[in-house]
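Trainee: This is the content of query39.txt (compact mmCIF, C-alpha atoms):
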```txt
# COMPACT_ATOMS: atom_id res chain seq x y z
CA MET A 41 23.19 86.98 -82.82
CA LEU A 42 19.62 87.21 -84.12
CA VAL A 43 19.03 83.63 -82.98
CA THR A 44 20.10 84.24 -79.38
CA THR A 45 18.05 87.43 -79.19
CA LEU A 46 15.07 85.52 -80.56
CA ILE A 47 15.54 82.79 -77.95
CA ILE A 48 15.54 85.33 -75.11
CA GLY A 49 12.52 87.07 -76.59
CA ILE A 50 10.58 83.81 -76.94
CA ALA A 51 11.47 82.86 -73.37
CA LEU A 52 10.21 86.22 -72.10
CA LEU A 53 6.98 85.99 -74.10
CA GLY A 54 6.44 82.38 -73.09
CA GLY A 55 6.86 83.20 -69.40
CA LEU A 56 4.44 86.11 -69.61
CA VAL A 57 1.83 84.08 -71.49
CA THR A 58 2.18 81.20 -69.03
CA ASN A 59 1.81 83.66 -66.15
CA ARG A 60 -1.42 85.08 -67.55
CA VAL A 61 -3.10 82.09 -69.14
CA ILE A 62 -1.86 78.74 -67.87
CA ARG A 63 -0.76 79.39 -64.31
CA ALA A 64 -3.47 78.05 -62.05
CA ARG A 65 -4.60 79.76 -58.94
CA LYS A 66 -3.32 78.36 -55.71
CA SER A 67 -5.87 76.23 -54.00
CA ALA A 68 -6.36 76.14 -50.30
CA ASP A 69 -4.97 72.64 -49.95
CA ASP A 70 -1.71 73.33 -51.80
CA GLY A 71 0.21 73.10 -48.56
CA GLU A 72 3.60 74.56 -47.98
CA SER A 73 5.06 73.86 -51.43
CA PRO A 74 8.22 75.71 -52.48
CA SER A 75 7.58 79.16 -53.90
CA VAL A 76 8.46 80.06 -57.47
CA THR A 77 11.21 82.31 -56.12
CA ASP A 78 12.76 79.35 -54.31
CA LEU A 79 12.87 77.45 -57.57
CA ILE A 80 14.26 80.36 -59.59
CA SER A 81 17.19 81.19 -57.28
CA PRO A 82 19.36 78.14 -58.13
CA LEU A 83 18.67 78.59 -61.83
CA GLU A 84 19.53 82.28 -61.64
CA THR A 85 22.80 81.56 -59.85
CA PHE A 86 23.76 78.90 -62.37
CA ALA A 87 22.93 81.09 -65.37
CA VAL A 88 24.86 84.08 -64.04
CA LEU A 89 27.90 81.94 -63.18
CA MET A 90 27.84 80.45 -66.68
CA LEU A 91 27.64 83.91 -68.22
CA ALA A 92 30.52 85.19 -66.08
CA PHE A 93 32.67 82.18 -66.94
CA VAL A 94 32.07 82.53 -70.68
CA ILE A 95 32.75 86.28 -70.62
CA VAL A 96 36.08 85.69 -68.86
CA VAL A 97 37.11 83.02 -71.38
CA ALA A 98 36.18 85.24 -74.33
CA ALA A 99 37.96 88.25 -72.83
CA GLU A 100 41.13 86.23 -72.24
CA SER A 101 41.10 85.03 -75.84
CA TYR A 102 40.59 88.60 -77.07
CA GLY A 103 43.48 89.82 -74.93
CA GLU A 104 45.81 87.09 -76.17
CA ALA A 105 44.92 87.89 -79.77
CA GLU A 106 45.62 91.57 -79.17
CA ASP A 107 48.93 90.79 -77.45
CA GLY A 108 49.95 88.49 -80.30
CA ALA A 109 49.20 91.12 -82.93
CA SER A 110 51.11 93.79 -81.01
CA ALA A 111 54.08 91.51 -80.31
CA GLU A 112 54.31 90.49 -83.96
CA ALA A 113 54.49 94.11 -85.11
CA GLU A 114 57.18 94.92 -82.54
CA VAL A 115 59.26 91.87 -83.47
CA VAL A 116 59.14 92.69 -87.19
CA ASP A 117 60.35 96.21 -86.42
CA HIS A 118 63.18 94.76 -84.31
CA PHE A 119 63.99 92.30 -87.09
CA PHE A 120 64.26 95.13 -89.62
CA GLU A 121 66.54 97.17 -87.38
CA THR A 122 68.80 94.22 -86.54
CA ALA A 123 69.23 93.37 -90.22
CA GLU A 124 70.92 96.77 -90.58
CA TYR A 125 74.10 95.21 -89.16
CA LEU A 126 74.38 92.60 -91.92
CA PRO A 127 76.50 93.06 -95.03
CA GLU A 128 74.92 93.49 -98.43
CA PRO A 129 73.02 91.97 -100.15
CA PHE A 130 71.60 90.18 -97.11
CA ARG A 131 70.72 93.43 -95.37
CA ARG A 132 68.55 94.66 -98.22
CA GLU A 133 66.93 91.26 -98.82
CA LEU A 134 65.83 90.82 -95.22
CA GLN A 135 64.70 94.41 -94.80
CA ALA A 136 62.76 94.32 -98.06
CA GLY A 137 61.17 91.04 -96.99
CA ALA A 138 60.16 92.58 -93.66
CA VAL A 139 58.42 95.48 -95.44
CA CYS A 140 56.60 93.12 -97.81
CA TYR A 141 55.63 90.86 -94.93
CA THR A 142 53.92 93.70 -93.05
CA ARG A 143 52.08 94.73 -96.20
CA ALA A 144 50.84 91.19 -96.83
CA VAL A 145 49.69 90.77 -93.22
CA HIS A 146 47.93 94.13 -93.29
CA GLU A 147 46.28 93.64 -96.66
CA PHE A 148 45.44 89.94 -96.82
CA GLU A 149 45.74 88.15 -93.50
CA TRP A 150 43.76 90.62 -91.45
CA LYS A 151 40.78 90.09 -93.72
CA ALA A 152 41.17 86.32 -93.51
CA LEU A 153 41.30 86.48 -89.71
CA ALA A 154 37.69 87.67 -89.63
CA ASP A 155 36.75 84.16 -90.80
CA GLY A 156 39.26 82.46 -88.49
CA GLN A 157 41.64 81.78 -91.38
CA SER A 158 45.24 82.62 -92.23
CA ALA A 159 46.57 83.90 -95.56
CA LYS A 160 49.32 82.42 -97.72
CA GLU A 161 50.72 85.77 -98.88
CA PRO A 162 52.75 86.58 -95.71
CA SER A 163 54.28 83.09 -95.74
CA VAL A 164 56.02 83.87 -99.02
CA TRP A 165 58.15 86.46 -97.24
CA SER A 166 58.67 84.54 -94.00
CA SER A 167 59.97 81.61 -96.08
CA GLY A 168 62.24 84.10 -97.82
CA PHE A 169 63.77 85.04 -94.47
CA ARG A 170 64.91 81.48 -93.93
CA ASP A 171 66.24 81.19 -97.48
CA THR A 172 68.36 84.29 -96.89
CA PHE A 173 69.58 82.96 -93.54
CA LYS A 174 71.02 79.90 -95.31
CA GLN A 175 73.10 82.13 -97.57
CA ILE A 176 74.71 84.23 -94.85
CA PRO A 177 78.34 83.02 -94.62
CA GLU A 178 79.26 84.38 -91.19
CA ARG A 179 77.12 83.12 -88.33
CA ASP A 180 77.87 85.77 -85.71
CA GLY A 181 75.82 87.23 -82.88
CA VAL A 182 73.69 89.30 -85.25
CA PHE A 183 72.68 86.17 -87.11
CA GLU A 184 71.55 84.51 -83.89
CA ILE A 185 69.50 87.58 -82.94
CA LEU A 186 67.83 87.58 -86.35
CA VAL A 187 66.97 83.90 -86.13
CA GLN A 188 65.48 84.40 -82.67
CA ALA A 189 63.52 87.42 -83.87
CA ASP A 190 62.11 85.40 -86.75
CA THR A 191 61.14 82.65 -84.32
CA ASP A 192 59.40 85.19 -82.09
CA ARG A 193 57.60 86.60 -85.12
CA SER A 194 56.40 83.14 -86.10
CA VAL A 195 55.16 82.41 -82.56
CA ALA A 196 53.30 85.75 -82.37
CA ARG A 197 51.70 85.16 -85.75
CA SER A 198 50.64 81.64 -84.76
CA THR A 199 49.08 83.03 -81.57
CA ARG A 200 47.22 85.68 -83.52
CA ILE A 201 45.88 83.12 -86.00
CA ALA A 202 44.94 80.62 -83.29
CA GLU A 203 42.98 83.20 -81.31
CA ALA A 204 41.05 84.22 -84.43
CA ASP A 205 38.96 81.08 -83.97
CA PRO A 206 36.22 81.24 -81.31
CA SER A 207 37.51 79.96 -77.98
CA ILE A 208 34.05 79.04 -76.66
CA PRO A 209 32.62 75.79 -78.07
CA ASP A 210 29.19 76.15 -79.62
CA ILE A 211 27.68 73.65 -77.20
CA VAL A 212 28.85 75.75 -74.23
CA PHE A 213 27.52 78.97 -75.73
CA TRP A 214 24.09 77.52 -76.53
CA PHE A 215 23.89 75.80 -73.15
CA MET A 216 24.48 79.19 -71.53
CA ALA A 217 21.89 80.81 -73.81
CA LEU A 218 19.37 78.14 -72.81
CA ALA A 219 20.06 78.69 -69.11
CA LEU A 220 19.54 82.44 -69.49
CA ALA A 221 16.36 81.88 -71.50
CA LEU A 222 14.94 79.57 -68.82
CA THR A 223 15.81 82.16 -66.17
CA ILE A 224 13.93 84.87 -68.06
CA ALA A 225 10.95 82.56 -68.62
CA ALA A 226 10.84 81.70 -64.91
CA TYR A 227 10.99 85.37 -63.91
CA ALA A 228 8.18 86.21 -66.31
CA TYR A 229 6.11 83.29 -65.03
CA SER A 230 6.47 84.40 -61.41
CA LEU A 231 5.23 87.97 -61.99
CA PRO A 232 2.16 89.07 -60.02
CA LYS A 233 -1.05 88.98 -62.02
CA ARG A 234 -2.11 92.46 -61.03
CA LYS A 235 -0.29 95.77 -61.05
CA ALA A 236 2.70 94.11 -62.65
CA GLY A 237 3.68 96.99 -64.94
CA PHE A 238 6.91 97.78 -63.13
CA HIS A 239 7.78 94.08 -62.81
CA ILE A 240 7.21 93.51 -66.53
CA LEU A 241 9.45 96.47 -67.35
CA ALA A 242 12.17 95.08 -65.08
CA VAL A 243 12.02 91.65 -66.72
CA VAL A 244 12.11 93.22 -70.19
CA LEU A 245 15.19 95.22 -69.22
CA LEU A 246 16.78 92.10 -67.75
CA SER A 247 16.03 90.26 -70.99
CA ALA A 248 17.68 93.03 -72.99
CA LEU A 249 20.70 92.88 -70.67
CA PHE A 250 21.06 89.12 -71.11
CA ALA A 251 20.63 89.37 -74.88
CA SER A 252 23.26 92.14 -75.01
CA SER A 253 25.60 90.03 -72.90
CA LEU A 254 25.26 87.12 -75.31
CA ALA A 255 25.93 89.44 -78.23
CA LEU A 256 28.99 90.84 -76.47
CA VAL A 257 30.35 87.37 -75.74
CA LYS A 258 29.93 86.31 -79.37
CA ASP A 259 31.52 89.54 -80.56
CA ILE A 260 34.67 89.47 -78.44
CA ASP A 261 35.04 85.72 -79.08
CA THR A 262 35.73 86.62 -82.72
CA PRO A 263 38.41 89.25 -82.02
CA PHE A 264 39.18 90.07 -85.65
CA GLY A 265 35.65 90.06 -87.02
CA GLY A 266 33.27 91.60 -84.48
CA LEU A 267 32.16 95.13 -83.80
CA VAL A 268 35.00 95.53 -81.30
CA ARG A 269 37.49 93.80 -83.59
CA ILE A 270 41.22 94.25 -83.30
CA GLU A 271 42.50 96.55 -86.02
CA PRO A 272 45.97 96.19 -87.62
CA THR A 273 47.04 99.49 -86.06
CA GLN A 274 50.41 98.31 -84.73
CA MET A 275 51.29 96.39 -87.88
CA GLU A 276 50.33 99.36 -90.03
CA LYS A 277 52.54 101.63 -87.93
CA THR A 278 55.47 99.23 -88.30
CA GLU A 279 54.78 99.00 -92.03
CA ASN A 280 54.92 102.77 -92.42
CA ASP A 281 58.05 103.14 -90.30
CA ILE A 282 60.16 100.48 -91.98
CA THR A 283 58.91 101.41 -95.45
CA GLU A 284 60.12 104.96 -94.85
CA ASP A 285 63.50 103.69 -93.61
CA PHE A 286 63.90 101.32 -96.54
CA THR A 287 62.96 104.00 -99.07
CA LYS A 288 65.53 106.40 -97.62
CA ALA A 289 68.25 103.77 -97.80
CA TYR A 290 67.54 102.18 -101.19
CA GLY A 291 64.99 104.31 -103.01
CA PRO A 292 61.27 103.77 -103.68
CA ASP A 293 61.70 101.21 -106.50
CA ARG A 294 63.80 98.51 -104.83
CA LEU A 295 61.07 96.60 -103.03
CA PRO A 296 60.24 93.14 -104.44
CA CYS A 297 56.52 93.63 -103.79
CA ASP A 298 53.70 96.00 -104.59
CA ASP A 299 51.73 98.07 -102.11
CA ARG A 300 49.68 95.02 -101.11
CA GLY A 301 52.66 92.81 -100.41
CA LEU A 302 52.39 90.69 -103.57
CA PRO A 303 55.68 89.72 -105.27
CA VAL A 304 56.62 91.59 -108.42
CA ALA A 305 59.31 91.02 -111.03
CA ALA A 306 62.88 91.33 -109.78
CA ARG A 307 64.19 94.91 -109.72
```
Translate this file's structure into C-alpha cells.
Mentor:
Amino acid sequence: MLVTTLIIGIALLGGLVTNRVIRARKSADDGESPSVTDLISPLETFAVLMLAFVIVVAAESYGEAEDGASAEAEVVDHFFETAEYLPEPFRRELQAGAVCYTRAVHEFEWKALADGQSAKEPSVWSSGFRDTFKQIPERDGVFEILVQADTDRSVARSTRIAEADPSIPDIVFWFMALALALTIAAYAYSLPKRKAGFHILAVVLLSALFASSLALVKDIDTPFGGLVRIEPTQMEKTENDITEDFTKAYGPDRLPCDDRGLPVAAR
C-alpha cells in the first residue's frame, strides 16, 4: 500500500505546487468560464462512487470467505458426529481422518491462503474419506448423510480458497486510485492563495482519508492475509472438540497423523 499512499501524496503536493506557482491570475477578459469547483464536482462524484463500489465488492468477498471458513468447520464437526453411527473400523477411520483434516487445514492451508493458494496436506485426508466410503458395505441413511456432509465440506473449502484471491482486478483498483489522486490534486489546485491554512489542513485530512480507504480496500480484499485477516478460530475449535472426543473413545495414540496433520506410520 506504499505505492497508493505515495500516489495520493504526490497528487496532493502537485496540486498545492500548481496552486502556488503555475496557476495564473484571472484576467479581466476571462469571461464567465466554469469555475474550478464546477469542474471538480463531477470528478469528486465519480471518485467517491468508484470507492464505494470497490469497498462493497471487497466486503462481500470478505464475508463470503468468512462464511465459507465457518461453514467448513461446522460441517466437519457434523461429519465427525455422524460417523459415530457407523460400524468399526469405518467409524474410527472417518473420525480419525476428520481430526487430521482439521489439523492440516489449521496448520498448512491457512498459511497458504495468505498468498491466495491452497495446500495439498488436507486433500490427503479428504481423499481418504472417499476411499473409506467405497469400503462401507451397507449403504443406509447414515452413509448418504456422510456423503452429503463431505460434499458440503468440499464446497465450503472451495469457497474459502476461491475467496482468498483478490476479488478486485488490479486495473479497477488502480483506476480508482488514479481517480482519487486526481480529485485530491484538483482540490489542492483550487485552494485560495491567501489565508489557506484551514483549507490546506482539510485537504491533507481528506488525502489521509482516501489513502486509508485504499489501504482498507486492499486489506479486506485479501481476507486471509491482511491486518483484519480471518483467523482459523472456528476450525481450531472444531479441531479441539473432535480431538478430545476421539481421544476419549480410542486413546491418544490411535490417530494416523501428528499434531500438524501430517500422516505417520500406521498404528
Trainee: Nearest residue to A:Gly265 out of A:Gly103, A:Pro209, A:Gly156, A:Gly137, using only C-alpha atoms?
Mentor: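 For A:Gly265, the nearest of the given residues is A:Gly156.
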Trainee: Please provide as a PDB file with C-alpha atoms, in the frame of the given file all residues within 10 Å of A:Cys140, with the sequence filter that same-chain residues fewer than 3 positions apart are discarded (counting all atoms listed in the file).
Mentor:
```pdb
ATOM      1  CA  LEU A 134      65.830  90.820 -95.220  1.00  0.00           C
ATOM      2  CA  GLN A 135      64.700  94.410 -94.800  1.00  0.00           C
ATOM      3  CA  ALA A 136      62.760  94.320 -98.060  1.00  0.00           C
ATOM      4  CA  GLY A 137      61.170  91.040 -96.990  1.00  0.00           C
ATOM      5  CA  ARG A 143      52.080  94.730 -96.200  1.00  0.00           C
ATOM      6  CA  ALA A 144      50.840  91.190 -96.830  1.00  0.00           C
ATOM      7  CA  VAL A 145      49.690  90.770 -93.220  1.00  0.00           C
ATOM      8  CA  HIS A 146      47.930  94.130 -93.290  1.00  0.00           C
ATOM      9  CA  GLU A 161      50.720  85.770 -98.880  1.00  0.00           C
ATOM     10  CA  PRO A 162      52.750  86.580 -95.710  1.00  0.00           C
ATOM     11  CA  VAL A 164      56.020  83.870 -99.020  1.00  0.00           C
ATOM     12  CA  TRP A 165      58.150  86.460 -97.240  1.00  0.00           C
ATOM     13  CA  SER A 166      58.670  84.540 -94.000  1.00  0.00           C
ATOM     14  CA  GLU A 279      54.780  99.000 -92.030  1.00  0.00           C
ATOM     15  CA  THR A 283      58.910 101.410 -95.450  1.00  0.00           C
ATOM     16  CA  LEU A 295      61.070  96.600-103.030  1.00  0.00           C
ATOM     17  CA  PRO A 296      60.240  93.140-104.440  1.00  0.00           C
ATOM     18  CA  CYS A 297      56.520  93.630-103.790  1.00  0.00           C
ATOM     19  CA  ASP A 298      53.700  96.000-104.590  1.00  0.00           C
ATOM     20  CA  ASP A 299      51.730  98.070-102.110  1.00  0.00           C
ATOM     21  CA  ARG A 300      49.680  95.020-101.110  1.00  0.00           C
ATOM     22  CA  GLY A 301      52.660  92.810-100.410  1.00  0.00           C
ATOM     23  CA  LEU A 302      52.390  90.690-103.570  1.00  0.00           C
ATOM     24  CA  PRO A 303      55.680  89.720-105.270  1.00  0.00           C
TER      25      PRO A 303
END
```
Trainee: May I have the residues at most 12 Å from (34.4, 91.4, -87.1) in the file's coordinates, counting all atoms listed in the file, as a PyMOL selection string?
Mentor: chain A and resi 150-156+204-206+256+258-271
Trainee: Record the distance separating atom CA of A:Ala99 and atom CA of A:Ser253, expressed in Å with one decimal.
Mentor: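 About the pair atom CA of A:Ala99 and atom CA of A:Ser253: they are 12.5 Å apart.
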Trainee: Identify which of the residues A:Val139, A:Ile201, A:Val97, A:Ala219 lies closest to A:Pro82, counting only C-alpha atoms when measuring atom-to-atom distances.
Mentor: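 For A:Pro82, the nearest of the candidates is A:Ala219.
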Trainee: When you count only C-alpha atoms, which of these residues is closest to A:His118: A:Val257, A:Val96, A:Ile282, A:Ile211?
Mentor: A:Ile282
Trainee: Between atom CA of A:Ala159 and atom CA of A:Pro272, what is the distance, to one decimal in Å?
Mentor: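 Result for atom CA of A:Ala159 versus atom CA of A:Pro272: 14.6 Å, one decimal.
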Trainee: Closest to A:Phe93 among A:Ile80, A:Ala251, A:Ala289, A:Val212, using all atoms listed in the file?
Mentor: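 Of A:Ile80, A:Ala251, A:Ala289, A:Val212, the one nearest A:Phe93 is A:Val212, counting all atoms listed in the file.
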Trainee: Looking at all atoms listed in the file, which of A:Ile224, A:Ala138, A:Leu241, A:Leu91 is the one that sits closest to A:Ser167?
Mentor: A:Ala138
Trainee: Could I get stretch 238-249 of chain A rebuilt with N, CA and C atoms, written as a PDB file, keeping the file's coordinate frame?
Mentor:
```pdb
ATOM      1  N   PHE A 238       5.501  97.553 -63.459  1.00  0.00           N
ATOM      2  CA  PHE A 238       6.910  97.780 -63.130  1.00  0.00           C
ATOM      3  C   PHE A 238       7.702  96.475 -63.228  1.00  0.00           C
ATOM      4  N   HIS A 239       7.104  95.367 -62.775  1.00  0.00           N
ATOM      5  CA  HIS A 239       7.780  94.080 -62.810  1.00  0.00           C
ATOM      6  C   HIS A 239       8.045  93.637 -64.254  1.00  0.00           C
ATOM      7  N   ILE A 240       7.032  93.867 -65.116  1.00  0.00           N
ATOM      8  CA  ILE A 240       7.210  93.510 -66.530  1.00  0.00           C
ATOM      9  C   ILE A 240       8.344  94.315 -67.152  1.00  0.00           C
ATOM     10  N   LEU A 241       8.378  95.613 -66.830  1.00  0.00           N
ATOM     11  CA  LEU A 241       9.450  96.470 -67.350  1.00  0.00           C
ATOM     12  C   LEU A 241      10.819  95.969 -66.881  1.00  0.00           C
ATOM     13  N   ALA A 242      10.894  95.569 -65.617  1.00  0.00           N
ATOM     14  CA  ALA A 242      12.170  95.080 -65.080  1.00  0.00           C
ATOM     15  C   ALA A 242      12.618  93.807 -65.786  1.00  0.00           C
ATOM     16  N   VAL A 243      11.665  92.893 -66.041  1.00  0.00           N
ATOM     17  CA  VAL A 243      12.020  91.650 -66.720  1.00  0.00           C
ATOM     18  C   VAL A 243      12.420  91.920 -68.173  1.00  0.00           C
ATOM     19  N   VAL A 244      11.740  92.856 -68.814  1.00  0.00           N
ATOM     20  CA  VAL A 244      12.110  93.220 -70.190  1.00  0.00           C
ATOM     21  C   VAL A 244      13.523  93.788 -70.230  1.00  0.00           C
ATOM     22  N   LEU A 245      13.840  94.655 -69.274  1.00  0.00           N
ATOM     23  CA  LEU A 245      15.190  95.220 -69.220  1.00  0.00           C
ATOM     24  C   LEU A 245      16.233  94.137 -68.936  1.00  0.00           C
ATOM     25  N   LEU A 246      15.875  93.208 -68.048  1.00  0.00           N
ATOM     26  CA  LEU A 246      16.780  92.100 -67.750  1.00  0.00           C
ATOM     27  C   LEU A 246      16.985  91.232 -68.995  1.00  0.00           C
ATOM     28  N   SER A 247      15.923  91.026 -69.755  1.00  0.00           N
ATOM     29  CA  SER A 247      16.030  90.260 -70.990  1.00  0.00           C
ATOM     30  C   SER A 247      16.954  90.956 -71.980  1.00  0.00           C
ATOM     31  N   ALA A 248      16.809  92.271 -72.089  1.00  0.00           N
ATOM     32  CA  ALA A 248      17.680  93.030 -72.990  1.00  0.00           C
ATOM     33  C   ALA A 248      19.134  92.959 -72.535  1.00  0.00           C
ATOM     34  N   LEU A 249      19.342  92.975 -71.213  1.00  0.00           N
ATOM     35  CA  LEU A 249      20.700  92.880 -70.670  1.00  0.00           C
ATOM     36  C   LEU A 249      21.318  91.523 -70.995  1.00  0.00           C
TER      37      LEU A 249
END
```
